[in-house]
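Novice: Sharing model24.tsv here; it has TSV, C-alpha atoms and all ligand atoms.
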```
chain	number	residue	atom	x	y	z
A	1	MET	CA	39.21	-9.68	-60.61
A	2	ARG	CA	36.56	-8.81	-58.03
A	3	ILE	CA	37.18	-8.38	-54.33
A	4	LEU	CA	34.42	-8.08	-51.76
A	5	GLY	CA	35.62	-5.79	-48.95
A	6	ILE	CA	34.20	-6.02	-45.43
A	7	GLU	CA	34.82	-3.40	-42.72
A	8	THR	CA	33.58	-3.64	-39.12
A	9	SER	CA	36.39	-2.07	-37.07
A	10	CYS	CA	34.31	0.51	-35.22
A	11	ASP	CA	30.70	1.63	-35.58
A	12	GLU	CA	30.07	1.24	-39.30
A	13	THR	CA	29.14	-2.05	-40.91
A	14	ALA	CA	30.37	-1.79	-44.48
A	15	ALA	CA	30.70	-3.95	-47.59
A	16	ALA	CA	31.84	-3.04	-51.09
A	17	VAL	CA	32.91	-4.68	-54.32
A	18	VAL	CA	35.95	-3.37	-56.20
A	19	GLU	CA	37.00	-4.65	-59.62
A	20	ASP	CA	40.68	-4.78	-60.60
A	21	GLY	CA	41.62	-2.53	-57.69
A	22	GLY	CA	40.23	0.55	-59.42
A	23	THR	CA	36.54	0.25	-60.25
A	24	LEU	CA	34.03	0.64	-57.48
A	25	LEU	CA	31.03	-1.59	-58.24
A	26	SER	CA	29.19	-1.00	-54.96
A	27	ASN	CA	29.77	0.65	-51.61
A	28	VAL	CA	27.33	0.09	-48.74
A	29	VAL	CA	27.78	1.62	-45.27
A	30	ALA	CA	25.33	1.03	-42.41
A	31	SER	CA	25.94	3.57	-39.67
A	32	GLN	CA	25.25	2.78	-36.01
A	33	LEU	CA	24.99	6.45	-35.08
A	34	THR	CA	21.46	6.17	-33.68
A	35	THR	CA	22.54	3.30	-31.39
A	36	HIS	CA	25.53	5.10	-29.85
A	37	TYR	CA	24.34	8.68	-30.01
A	38	LYS	CA	22.59	8.73	-26.65
A	39	TYR	CA	25.76	7.49	-24.92
A	40	GLY	CA	27.91	10.25	-26.41
A	41	GLY	CA	30.33	7.77	-27.98
A	42	VAL	CA	30.71	4.23	-29.31
A	43	VAL	CA	29.73	1.50	-26.81
A	44	PRO	CA	31.88	-1.50	-27.86
A	45	GLU	CA	29.48	-4.27	-26.87
A	46	LEU	CA	26.56	-2.59	-28.62
A	47	ALA	CA	28.75	-2.08	-31.70
A	48	SER	CA	29.48	-5.83	-31.93
A	49	ARG	CA	25.79	-6.70	-31.64
A	50	GLU	CA	24.86	-4.14	-34.29
A	51	HIS	CA	27.52	-5.52	-36.66
A	52	LEU	CA	26.11	-9.00	-36.18
A	53	ARG	CA	22.64	-7.73	-37.00
A	54	ALA	CA	23.76	-5.75	-40.06
A	55	ILE	CA	26.48	-7.84	-41.67
A	56	VAL	CA	24.31	-10.19	-43.76
A	57	PRO	CA	21.97	-7.52	-45.19
A	58	VAL	CA	24.90	-5.16	-45.87
A	59	VAL	CA	26.92	-7.81	-47.76
A	60	ARG	CA	23.79	-8.91	-49.67
A	61	GLN	CA	23.15	-5.31	-50.68
A	62	ALA	CA	26.76	-4.78	-51.78
A	63	LEU	CA	26.54	-7.82	-54.06
A	64	ALA	CA	23.11	-6.85	-55.38
A	65	GLU	CA	24.25	-3.31	-56.20
A	66	ALA	CA	27.30	-4.70	-57.98
A	67	GLY	CA	24.98	-7.04	-59.92
A	68	LEU	CA	27.00	-10.06	-58.83
A	69	ASP	CA	26.51	-13.51	-57.44
A	70	TYR	CA	28.80	-14.81	-54.66
A	71	ARG	CA	30.39	-17.20	-57.15
A	72	GLN	CA	31.64	-14.27	-59.23
A	73	LEU	CA	33.91	-13.09	-56.40
A	74	ASP	CA	37.64	-13.82	-56.61
A	75	ALA	CA	38.53	-12.95	-53.00
A	76	VAL	CA	37.18	-11.43	-49.80
A	77	ALA	CA	39.12	-8.71	-47.97
A	78	VAL	CA	38.42	-7.88	-44.36
A	79	THR	CA	39.75	-5.42	-41.79
A	80	GLN	CA	41.99	-7.25	-39.32
A	81	GLY	CA	42.76	-4.18	-37.16
A	82	PRO	CA	43.24	-1.73	-35.59
A	83	GLY	CA	39.82	-1.36	-34.02
A	84	LEU	CA	37.44	-2.69	-31.40
A	85	VAL	CA	38.10	-6.39	-30.94
A	86	GLY	CA	34.47	-7.48	-30.73
A	87	SER	CA	33.60	-5.45	-33.83
A	88	LEU	CA	36.57	-6.75	-35.82
A	89	LEU	CA	35.70	-10.35	-34.92
A	90	VAL	CA	32.24	-10.07	-36.48
A	91	GLY	CA	33.60	-9.04	-39.89
A	92	LEU	CA	36.53	-11.42	-39.72
A	93	THR	CA	34.44	-14.43	-38.72
A	94	PHE	CA	31.90	-13.69	-41.42
A	95	ALA	CA	34.62	-13.24	-44.06
A	96	LYS	CA	36.33	-16.46	-42.99
A	97	GLY	CA	33.11	-18.43	-43.26
A	98	LEU	CA	32.36	-16.93	-46.65
A	99	THR	CA	35.79	-17.67	-48.16
A	100	PHE	CA	35.74	-21.16	-46.62
A	101	SER	CA	32.43	-21.99	-48.25
A	102	LEU	CA	33.29	-20.38	-51.61
A	103	GLY	CA	36.82	-21.79	-51.73
A	104	ILE	CA	38.39	-18.40	-52.47
A	105	PRO	CA	41.23	-16.55	-50.69
A	106	LEU	CA	40.79	-14.30	-47.68
A	107	ILE	CA	42.93	-11.14	-47.44
A	108	ALA	CA	43.48	-9.46	-44.05
A	109	VAL	CA	43.77	-5.68	-44.37
A	110	ASN	CA	45.13	-3.02	-42.05
A	111	HIS	CA	42.43	-0.36	-41.58
A	112	ILE	CA	44.97	2.49	-41.75
A	113	GLU	CA	46.33	1.20	-45.06
A	114	GLY	CA	42.71	1.05	-46.21
A	115	HIS	CA	42.28	4.79	-45.51
A	116	ILE	CA	45.32	5.51	-47.70
A	117	HIS	CA	44.08	3.25	-50.50
A	118	ALA	CA	40.77	5.11	-50.68
A	119	VAL	CA	42.83	7.76	-52.48
A	120	PHE	CA	44.57	5.30	-54.82
A	121	LEU	CA	41.22	3.73	-55.69
A	122	GLU	CA	39.71	7.04	-56.76
A	123	GLN	CA	42.80	8.12	-58.66
A	124	LYS	CA	42.80	4.84	-60.59
A	125	GLN	CA	39.12	5.32	-61.27
A	126	ARG	CA	39.93	8.69	-62.85
A	127	GLY	CA	42.79	7.14	-64.81
A	128	GLY	CA	45.34	9.23	-62.90
A	129	GLU	CA	48.54	8.34	-61.08
A	130	ILE	CA	49.86	9.53	-57.72
A	131	GLU	CA	53.55	10.32	-57.92
A	132	LEU	CA	55.59	8.58	-55.24
A	133	PRO	CA	57.16	8.83	-52.73
A	134	ALA	CA	54.18	10.42	-51.02
A	135	LEU	CA	53.48	11.69	-47.58
A	136	ALA	CA	50.31	10.16	-46.16
A	137	LEU	CA	48.54	11.89	-43.29
A	138	VAL	CA	45.87	9.61	-41.80
A	139	VAL	CA	43.62	11.48	-39.40
A	140	SER	CA	40.60	9.77	-37.89
A	141	GLY	CA	38.93	8.92	-34.61
A	142	GLY	CA	41.63	6.42	-33.74
A	143	HIS	CA	44.78	7.66	-35.47
A	144	SER	CA	46.79	10.71	-36.43
A	145	HIS	CA	49.76	9.32	-38.30
A	146	LEU	CA	52.24	10.59	-40.83
A	147	PHE	CA	53.73	7.97	-43.15
A	148	LEU	CA	56.29	8.10	-45.88
A	149	LEU	CA	54.90	5.91	-48.65
A	150	GLU	CA	57.05	4.28	-51.30
A	151	ARG	CA	56.31	1.60	-53.90
A	152	PRO	CA	59.42	-0.25	-55.05
A	153	ASN	CA	57.26	-2.20	-57.52
A	154	GLU	CA	53.62	-2.22	-58.68
A	155	THR	CA	52.30	-4.45	-55.90
A	156	ASP	CA	54.58	-3.54	-53.03
A	157	TYR	CA	53.54	-0.55	-50.90
A	158	ARG	CA	56.00	0.34	-48.13
A	159	TYR	CA	55.25	2.61	-45.18
A	160	ARG	CA	57.59	4.36	-42.80
A	161	LEU	CA	56.09	5.98	-39.73
A	162	LEU	CA	57.40	9.55	-39.46
A	163	GLY	CA	55.19	10.85	-36.68
A	164	LYS	CA	52.04	10.10	-34.72
A	165	THR	CA	49.87	11.46	-31.97
A	166	ARG	CA	51.17	11.11	-28.45
A	167	ASP	CA	47.73	11.33	-26.90
A	168	ASP	CA	44.37	11.97	-28.58
A	169	ALA	CA	43.86	11.34	-32.28
A	170	ALA	CA	42.64	14.37	-34.26
A	171	GLY	CA	39.09	13.00	-34.60
A	172	GLU	CA	39.04	12.10	-30.93
A	173	ALA	CA	39.96	15.71	-30.08
A	174	PHE	CA	37.04	16.94	-32.23
A	175	ASP	CA	34.70	14.47	-30.51
A	176	LYS	CA	35.87	15.30	-26.98
A	177	VAL	CA	35.72	19.07	-27.45
A	178	ALA	CA	32.24	18.84	-29.01
A	179	LYS	CA	31.08	16.76	-26.06
A	180	LEU	CA	32.63	19.17	-23.58
A	181	LEU	CA	30.83	22.11	-25.23
A	182	GLY	CA	27.52	20.23	-25.32
A	183	PHE	CA	27.28	19.81	-29.09
A	184	GLY	CA	26.72	16.06	-29.21
A	185	TYR	CA	28.34	13.18	-31.04
A	186	PRO	CA	30.22	12.67	-33.33
A	187	GLY	CA	31.86	16.03	-32.85
A	188	GLY	CA	33.87	16.30	-36.06
A	189	PRO	CA	31.00	16.87	-38.53
A	190	LEU	CA	29.19	19.20	-36.06
A	191	ILE	CA	32.25	21.37	-35.38
A	192	ASP	CA	32.91	21.43	-39.13
A	193	LYS	CA	29.44	22.92	-39.71
A	194	LEU	CA	29.57	25.32	-36.73
A	195	ALA	CA	33.11	26.69	-37.21
A	196	PRO	CA	32.25	28.98	-40.17
A	197	TYR	CA	29.89	30.94	-37.86
A	198	GLY	CA	32.78	31.85	-35.55
A	199	ASP	CA	35.87	34.02	-35.83
A	200	ALA	CA	38.98	32.01	-34.99
A	201	ALA	CA	41.08	35.17	-34.55
A	202	LYS	CA	39.01	36.19	-31.49
A	203	VAL	CA	40.31	33.33	-29.32
A	204	ASP	CA	43.92	32.54	-28.64
A	205	LEU	CA	44.57	28.82	-28.31
A	206	PRO	CA	48.07	27.36	-27.94
A	207	LEU	CA	49.88	25.23	-30.50
A	208	SER	CA	51.53	22.19	-28.95
A	209	ARG	CA	55.11	22.44	-27.74
A	210	MET	CA	56.76	19.08	-27.35
A	211	LYS	CA	60.25	17.80	-27.02
A	212	GLY	CA	61.38	14.83	-29.09
A	213	ASN	CA	60.22	13.92	-32.60
A	214	PRO	CA	59.11	17.21	-34.21
A	215	LEU	CA	56.69	15.27	-36.43
A	216	ASP	CA	54.69	13.88	-33.52
A	217	LEU	CA	51.32	15.40	-32.73
A	218	SER	CA	49.52	16.16	-29.49
A	219	PHE	CA	46.02	17.48	-28.88
A	220	SER	CA	45.62	17.10	-25.13
A	221	GLY	CA	47.00	20.58	-24.37
A	222	LEU	CA	44.52	22.10	-26.81
A	223	LYS	CA	41.66	20.20	-25.21
A	224	THR	CA	42.72	21.48	-21.77
A	225	ALA	CA	42.91	25.04	-23.12
A	226	VAL	CA	39.31	24.74	-24.37
A	227	LEU	CA	38.27	23.42	-20.96
A	228	ARG	CA	39.93	26.44	-19.31
A	229	HIS	CA	37.89	28.75	-21.57
A	230	VAL	CA	34.70	26.91	-20.65
A	231	ARG	CA	35.43	27.39	-16.94
A	232	ALA	CA	36.55	31.01	-17.25
A	233	ALA	CA	33.52	32.01	-19.33
A	234	ASP	CA	31.01	30.25	-17.07
A	235	MET	CA	29.39	28.37	-19.94
A	236	GLU	CA	27.46	25.76	-17.91
A	237	ALA	CA	23.99	27.20	-18.63
A	238	GLU	CA	24.38	27.34	-22.42
A	239	ILE	CA	25.95	23.86	-22.45
A	240	ALA	CA	22.94	22.52	-20.54
A	241	GLU	CA	20.60	24.18	-23.09
A	242	ARG	CA	22.40	22.49	-25.96
A	243	ARG	CA	22.39	19.09	-24.26
A	244	LYS	CA	18.60	19.33	-23.95
A	245	LEU	CA	18.41	19.39	-27.75
A	246	PHE	CA	19.56	15.80	-28.07
A	247	ALA	CA	18.38	14.42	-24.76
A	248	GLY	CA	15.78	12.36	-26.64
A	249	GLY	CA	18.55	10.42	-28.35
A	250	ARG	CA	18.17	12.10	-31.73
A	251	PRO	CA	21.18	13.84	-33.28
A	252	ALA	CA	20.85	17.63	-33.05
A	253	THR	CA	20.87	19.67	-36.24
A	254	ILE	CA	22.84	22.88	-36.69
A	255	GLU	CA	20.02	25.47	-36.64
A	256	PRO	CA	18.68	24.77	-33.10
A	257	LEU	CA	22.27	24.47	-31.83
A	258	LEU	CA	23.06	27.90	-33.26
A	259	GLU	CA	20.05	29.41	-31.46
A	260	VAL	CA	21.47	28.43	-28.06
A	261	THR	CA	25.11	29.17	-28.80
A	262	PRO	CA	26.51	32.66	-28.12
A	263	GLN	CA	28.96	34.21	-30.58
A	264	ALA	CA	31.87	33.84	-28.13
A	265	THR	CA	31.37	30.06	-28.09
A	266	LEU	CA	31.23	29.91	-31.89
A	267	ASP	CA	34.50	31.84	-31.93
A	268	LEU	CA	35.98	29.24	-29.56
A	269	VAL	CA	34.78	26.42	-31.86
A	270	ALA	CA	36.32	28.14	-34.90
A	271	ALA	CA	39.60	28.69	-33.04
A	272	PHE	CA	39.72	25.05	-31.95
A	273	GLN	CA	39.21	23.76	-35.49
A	274	ALA	CA	41.74	26.24	-36.90
A	275	THR	CA	44.33	25.16	-34.33
A	276	VAL	CA	43.90	21.44	-35.10
A	277	ILE	CA	44.28	22.19	-38.81
A	278	GLU	CA	47.34	24.34	-38.18
A	279	GLU	CA	48.96	21.54	-36.15
A	280	LEU	CA	48.33	19.03	-38.92
A	281	LEU	CA	49.49	21.35	-41.70
A	282	ARG	CA	52.73	22.30	-39.94
A	283	ARG	CA	53.69	18.64	-39.37
A	284	ALA	CA	52.71	17.62	-42.89
A	285	LEU	CA	54.76	20.40	-44.49
A	286	LYS	CA	57.74	19.74	-42.26
A	287	ALA	CA	57.65	16.01	-43.06
A	288	ALA	CA	57.18	16.66	-46.78
A	289	LYS	CA	60.17	18.98	-46.85
A	290	GLY	CA	62.38	16.63	-44.87
A	291	HIS	CA	61.66	13.66	-47.12
A	292	ASP	CA	61.42	15.25	-50.51
A	293	VAL	CA	58.05	13.74	-51.37
A	294	ARG	CA	56.19	14.25	-54.66
A	295	SER	CA	52.62	14.11	-53.34
A	296	LEU	CA	50.58	14.63	-50.21
A	297	ILE	CA	47.73	12.26	-49.31
A	298	VAL	CA	45.26	13.18	-46.55
A	299	SER	CA	42.76	10.54	-45.51
A	300	GLY	CA	40.58	9.30	-42.62
A	301	GLY	CA	37.40	10.77	-41.13
A	302	VAL	CA	38.96	14.15	-40.29
A	303	ALA	CA	39.98	14.53	-43.96
A	304	ALA	CA	36.26	15.17	-44.55
A	305	ASN	CA	36.63	18.48	-42.69
A	306	SER	CA	35.85	21.36	-45.05
A	307	GLY	CA	38.07	23.85	-43.20
A	308	LEU	CA	41.01	21.44	-43.41
A	309	ARG	CA	40.44	20.89	-47.13
A	310	LYS	CA	40.48	24.64	-47.71
A	311	VAL	CA	43.66	25.29	-45.73
A	312	PHE	CA	45.54	22.31	-47.18
A	313	ALA	CA	44.62	23.36	-50.72
A	314	ASP	CA	47.38	25.99	-50.53
A	315	THR	CA	50.18	23.44	-50.12
A	316	PRO	CA	52.69	23.52	-52.96
A	317	LEU	CA	52.52	19.71	-53.44
A	318	PRO	CA	50.02	17.76	-55.54
A	319	LEU	CA	47.33	17.03	-52.96
A	320	TYR	CA	44.96	14.06	-52.79
A	321	PHE	CA	41.89	13.66	-50.59
A	322	PRO	CA	39.32	10.88	-50.90
A	323	SER	CA	35.80	11.98	-51.80
A	324	LEU	CA	33.74	12.64	-48.67
A	325	SER	CA	32.07	9.21	-48.67
A	326	LEU	CA	35.45	7.45	-48.83
A	327	SER	CA	37.07	9.66	-46.16
A	328	THR	CA	35.13	8.15	-43.27
A	329	ASP	CA	35.04	4.39	-42.68
A	330	ASN	CA	33.96	2.27	-45.64
A	331	ALA	CA	34.74	-1.12	-47.19
A	332	ALA	CA	35.73	0.11	-50.66
A	333	MET	CA	39.06	1.22	-49.20
A	334	ILE	CA	39.53	-2.27	-47.69
A	335	ALA	CA	38.86	-4.01	-51.00
A	336	ALA	CA	41.16	-1.54	-52.78
A	337	ALA	CA	44.02	-2.05	-50.31
A	338	ALA	CA	43.65	-5.82	-50.76
A	339	TYR	CA	44.23	-5.73	-54.52
A	340	PRO	CA	48.07	-5.48	-54.42
A	341	ALA	CA	48.05	-8.19	-51.73
A	342	PHE	CA	45.93	-10.38	-54.04
A	343	LEU	CA	48.42	-9.88	-56.88
A	344	ARG	CA	51.28	-10.79	-54.52
A	345	GLY	CA	49.39	-13.89	-53.36
A	346	ASP	CA	49.50	-12.57	-49.82
A	347	PHE	CA	46.54	-14.43	-48.33
A	348	ALA	CA	45.43	-14.84	-44.73
A	349	SER	CA	46.01	-18.17	-43.02
A	350	ASP	CA	43.16	-20.25	-41.58
A	351	GLU	CA	44.24	-19.13	-38.10
A	352	VAL	CA	44.08	-15.38	-38.80
A	353	THR	CA	42.46	-13.42	-36.01
A	354	ALA	CA	41.62	-9.82	-35.08
A	355	GLN	CA	44.45	-7.51	-34.01
A	356	PRO	CA	42.96	-4.51	-32.16
A	357	SER	CA	46.33	-2.70	-31.98
A	358	LEU	CA	47.65	-3.61	-35.42
A	359	SER	CA	50.13	-1.02	-36.68
A	360	LEU	CA	51.10	-0.18	-40.25
A	361	ALA	CA	54.75	0.62	-39.69
B	1	LIG	O1	37.92	7.25	-40.24
B	1	LIG	P1	36.75	7.32	-39.34
B	1	LIG	O2	35.39	7.22	-39.95
B	1	LIG	O3	36.84	6.21	-38.24
B	1	LIG	C1	38.03	5.86	-37.61
B	1	LIG	O4	38.84	5.11	-38.23
B	1	LIG	O5	38.23	6.37	-36.47
B	1	LIG	O6	36.88	8.67	-38.52
B	1	LIG	C2	35.91	9.07	-37.58
B	1	LIG	C3	36.37	10.35	-36.94
B	1	LIG	C4	35.49	10.85	-35.82
B	1	LIG	O7	36.31	11.25	-34.75
B	1	LIG	C5	34.76	12.04	-36.43
B	1	LIG	O8	34.41	13.03	-35.49
B	1	LIG	C6	35.78	12.55	-37.43
B	1	LIG	O9	36.41	11.40	-37.95
B	1	LIG	N1	35.16	13.31	-38.51
B	1	LIG	C7	35.40	14.62	-38.73
B	1	LIG	C8	34.56	15.00	-39.81
B	1	LIG	N2	33.84	13.89	-40.22
B	1	LIG	C9	34.23	12.86	-39.40
B	1	LIG	N3	36.23	15.48	-38.13
B	1	LIG	C10	36.24	16.75	-38.58
B	1	LIG	N4	35.45	17.20	-39.59
B	1	LIG	C11	34.61	16.36	-40.23
B	1	LIG	N5	33.84	16.80	-41.23
B	2	ZN	ZN	38.86	4.71	-40.04
```
What's the structure tokens form of this structure?
Specialist:
Amino acid sequence: MRILGIETSCDETAAAVVEDGGTLLSNVVASQLTTHYKYGGVVPELASREHLRAIVPVVRQALAEAGLDYRQLDAVAVTQGPGLVGSLLVGLTFAKGLTFSLGIPLIAVNHIEGHIHAVFLEQKQRGGEIELPALALVVSGGHSHLFLLERPNETDYRYRLLGKTRDDAAGEAFDKVAKLLGFGYPGGPLIDKLAPYGDAAKVDLPLSRMKGNPLDLSFSGLKTAVLRHVRAADMEAEIAERRKLFAGGRPATIEPLLEVTPQATLDLVAAFQATVIEELLRRALKAAKGHDVRSLIVSGGVAANSGLRKVFADTPLPLYFPSLSLSTDNAAMIAAAAYPAFLRGDFASDEVTAQPSLSLA
């Protein structure tokens, strides 16, 4: 049983082949970083055009690396949402055409469920099981969500939304703070690499205080606190120096950034990352306790953060992260999430279309 997964929800064109929901035969990701870098973020129209350019070669490569012919596929799975509508439509239209011509089923996958299934895929690959119910924390550029995950039977995964961000997603907060400090885009991986050079204890940043659902998250107050530090410390000159490093449109590397970054700024970066991690950990532990879960799953781009992985490692629950390459956007997770749907016979209709705001629960 082989499913070709296709993912084009944001700025990565990805295709992968997964066998029997647990064996990764190929996993190809074409990043658009060099296209969007000079704009300091993803430009939706450019993203759609880049997907259109990349989709055929990426799918061809995924099949070649899996050693398969199109006729050996049993289904195609594609991200239906959430994401950028123009980007989603490229993958969806391509997948529709492919399944139409091959006469095989199309499975529409929720991107957030995909992030969670990256973990199930790798566990299956190792021959291990994840004990359920589990708490799933999905933290990426678009979402910071806490789900209670149950599986009443082998093919039926059920999600209950316990909490979510009220403003910026965790990855978005990383990206915005990095931009504000002149570190470039995407901010998450850069802050991850810079944070170990700073001392988080030197800067006091506030944890969020919100009324209402205690499992909801918020990062806008933290972002404003960083902005206040920038203004108070008169950092304009050093920020301008850093921005020069990537003015040519090439992503800056860590060493030159470090040369133009004073220790106090590195301390601020470390404190910011530590505060985001603390927010996420507190909510995850609170939710886990309140719902008596057996495992904790952390997935999405921010799950690649090395500081977060270290801090979360101390949780008393069995903890599951995807490998780094399956934490950020990929199509293996889409093909993996489609497997239970394939077994249930849950196929997309001919009229299926993109849903930019699709929710999981
Ligand atoms: O899951 P993903 O690839 O795409 C979305 O579904 O949004 O996540 C991308 C986000 C970006 O905001 C990026 O800055 C963040 O994940 N990210 C990280 C790291 N790697 C990617 N954030 C913190 N530390 C990282 N190492
Ligand atoms: Zn994602």
Novice: List every protein, DNA or RNA residue that has an atom no more than 9 Å from (43.2, 26.5, -25.8) in the file's coordinate frame, counting all atoms listed in the file, and report them as a ChimeraX atom specification.
Specialist: /A:203-207,221-229,268,271-272,275
Novice: Using the selection just defined, write its residues with C-alpha atoms as a PDB file, in the frame of the given file.
Specialist:
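Saved file result_21.pdb follows:
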```pdb
ATOM      1  CA  VAL A 203      40.310  33.330 -29.320  1.00  0.00           C
ATOM      2  CA  ASP A 204      43.920  32.540 -28.640  1.00  0.00           C
ATOM      3  CA  LEU A 205      44.570  28.820 -28.310  1.00  0.00           C
ATOM      4  CA  PRO A 206      48.070  27.360 -27.940  1.00  0.00           C
ATOM      5  CA  LEU A 207      49.880  25.230 -30.500  1.00  0.00           C
ATOM      6  CA  GLY A 221      47.000  20.580 -24.370  1.00  0.00           C
ATOM      7  CA  LEU A 222      44.520  22.100 -26.810  1.00  0.00           C
ATOM      8  CA  LYS A 223      41.660  20.200 -25.210  1.00  0.00           C
ATOM      9  CA  THR A 224      42.720  21.480 -21.770  1.00  0.00           C
ATOM     10  CA  ALA A 225      42.910  25.040 -23.120  1.00  0.00           C
ATOM     11  CA  VAL A 226      39.310  24.740 -24.370  1.00  0.00           C
ATOM     12  CA  LEU A 227      38.270  23.420 -20.960  1.00  0.00           C
ATOM     13  CA  ARG A 228      39.930  26.440 -19.310  1.00  0.00           C
ATOM     14  CA  HIS A 229      37.890  28.750 -21.570  1.00  0.00           C
ATOM     15  CA  LEU A 268      35.980  29.240 -29.560  1.00  0.00           C
ATOM     16  CA  ALA A 271      39.600  28.690 -33.040  1.00  0.00           C
ATOM     17  CA  PHE A 272      39.720  25.050 -31.950  1.00  0.00           C
ATOM     18  CA  THR A 275      44.330  25.160 -34.330  1.00  0.00           C
TER      19      THR A 275
END
```
Novice: Here's a test: counting only C-alpha atoms, identify every protein, DNA and RNA residue with an atom at most 6 Å from (53.2, 8.5, -34.7) in the file's coordinate frame, and state them as a ChimeraX atom specification.
Specialist: /A:145,163-165,216
Novice: Go through the chains and note each residue within 7 Å of ligand LIG 1 (chain B), using all atoms listed in the file, then give the set as a PyMOL selection string.
Specialist: chain A and resi 10+140-143+171-172+174-175+186-189+191-192+300-306+327-329
Novice: Identify, on the basis of only C-alpha atoms, every residue whose closest approach to range 67-78 of chain A does not exceed 9 Å; exclude the query and any residue fewer than 4 positions from it along the same chain; express the result as a ChimeraX atom specification.
Specialist: /A:1-8,17,25-26,62-63,88,91-92,95-96,98-99,102,104-111,331,334-339,342
Novice: Go ahead and write the residues just picked, C-alpha atoms, as a PDB file, in the coordinates of the input.
Specialist:
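File again.pdb, as written:
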```
ATOM      1  CA  MET A   1      39.210  -9.680 -60.610  1.00  0.00           C
ATOM      2  CA  ARG A   2      36.560  -8.810 -58.030  1.00  0.00           C
ATOM      3  CA  ILE A   3      37.180  -8.380 -54.330  1.00  0.00           C
ATOM      4  CA  LEU A   4      34.420  -8.080 -51.760  1.00  0.00           C
ATOM      5  CA  GLY A   5      35.620  -5.790 -48.950  1.00  0.00           C
ATOM      6  CA  ILE A   6      34.200  -6.020 -45.430  1.00  0.00           C
ATOM      7  CA  GLU A   7      34.820  -3.400 -42.720  1.00  0.00           C
ATOM      8  CA  THR A   8      33.580  -3.640 -39.120  1.00  0.00           C
ATOM      9  CA  VAL A  17      32.910  -4.680 -54.320  1.00  0.00           C
ATOM     10  CA  LEU A  25      31.030  -1.590 -58.240  1.00  0.00           C
ATOM     11  CA  SER A  26      29.190  -1.000 -54.960  1.00  0.00           C
ATOM     12  CA  ALA A  62      26.760  -4.780 -51.780  1.00  0.00           C
ATOM     13  CA  LEU A  63      26.540  -7.820 -54.060  1.00  0.00           C
ATOM     14  CA  LEU A  88      36.570  -6.750 -35.820  1.00  0.00           C
ATOM     15  CA  GLY A  91      33.600  -9.040 -39.890  1.00  0.00           C
ATOM     16  CA  LEU A  92      36.530 -11.420 -39.720  1.00  0.00           C
ATOM     17  CA  ALA A  95      34.620 -13.240 -44.060  1.00  0.00           C
ATOM     18  CA  LYS A  96      36.330 -16.460 -42.990  1.00  0.00           C
ATOM     19  CA  LEU A  98      32.360 -16.930 -46.650  1.00  0.00           C
ATOM     20  CA  THR A  99      35.790 -17.670 -48.160  1.00  0.00           C
ATOM     21  CA  LEU A 102      33.290 -20.380 -51.610  1.00  0.00           C
ATOM     22  CA  ILE A 104      38.390 -18.400 -52.470  1.00  0.00           C
ATOM     23  CA  PRO A 105      41.230 -16.550 -50.690  1.00  0.00           C
ATOM     24  CA  LEU A 106      40.790 -14.300 -47.680  1.00  0.00           C
ATOM     25  CA  ILE A 107      42.930 -11.140 -47.440  1.00  0.00           C
ATOM     26  CA  ALA A 108      43.480  -9.460 -44.050  1.00  0.00           C
ATOM     27  CA  VAL A 109      43.770  -5.680 -44.370  1.00  0.00           C
ATOM     28  CA  ASN A 110      45.130  -3.020 -42.050  1.00  0.00           C
ATOM     29  CA  HIS A 111      42.430  -0.360 -41.580  1.00  0.00           C
ATOM     30  CA  ALA A 331      34.740  -1.120 -47.190  1.00  0.00           C
ATOM     31  CA  ILE A 334      39.530  -2.270 -47.690  1.00  0.00           C
ATOM     32  CA  ALA A 335      38.860  -4.010 -51.000  1.00  0.00           C
ATOM     33  CA  ALA A 336      41.160  -1.540 -52.780  1.00  0.00           C
ATOM     34  CA  ALA A 337      44.020  -2.050 -50.310  1.00  0.00           C
ATOM     35  CA  ALA A 338      43.650  -5.820 -50.760  1.00  0.00           C
ATOM     36  CA  TYR A 339      44.230  -5.730 -54.520  1.00  0.00           C
ATOM     37  CA  PHE A 342      45.930 -10.380 -54.040  1.00  0.00           C
TER      38      PHE A 342
END
```
Novice: Rounded to one decimal place, report the CA of Ile254 in chain A-CA of Lys176 in chain A distance in Å.
Specialist: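 Interatomic distance here is 17.9 Å.
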Novice: Please provide as a list of chain:residue names all residues within 6 Å of range 308-324 of chain A, with the sequence filter that same-chain residues fewer than 6 positions apart are discarded (counting only C-alpha atoms).
Specialist: A:Ala118, A:Val119, A:Ile277, A:Ser295, A:Leu296, A:Ile297, A:Val298
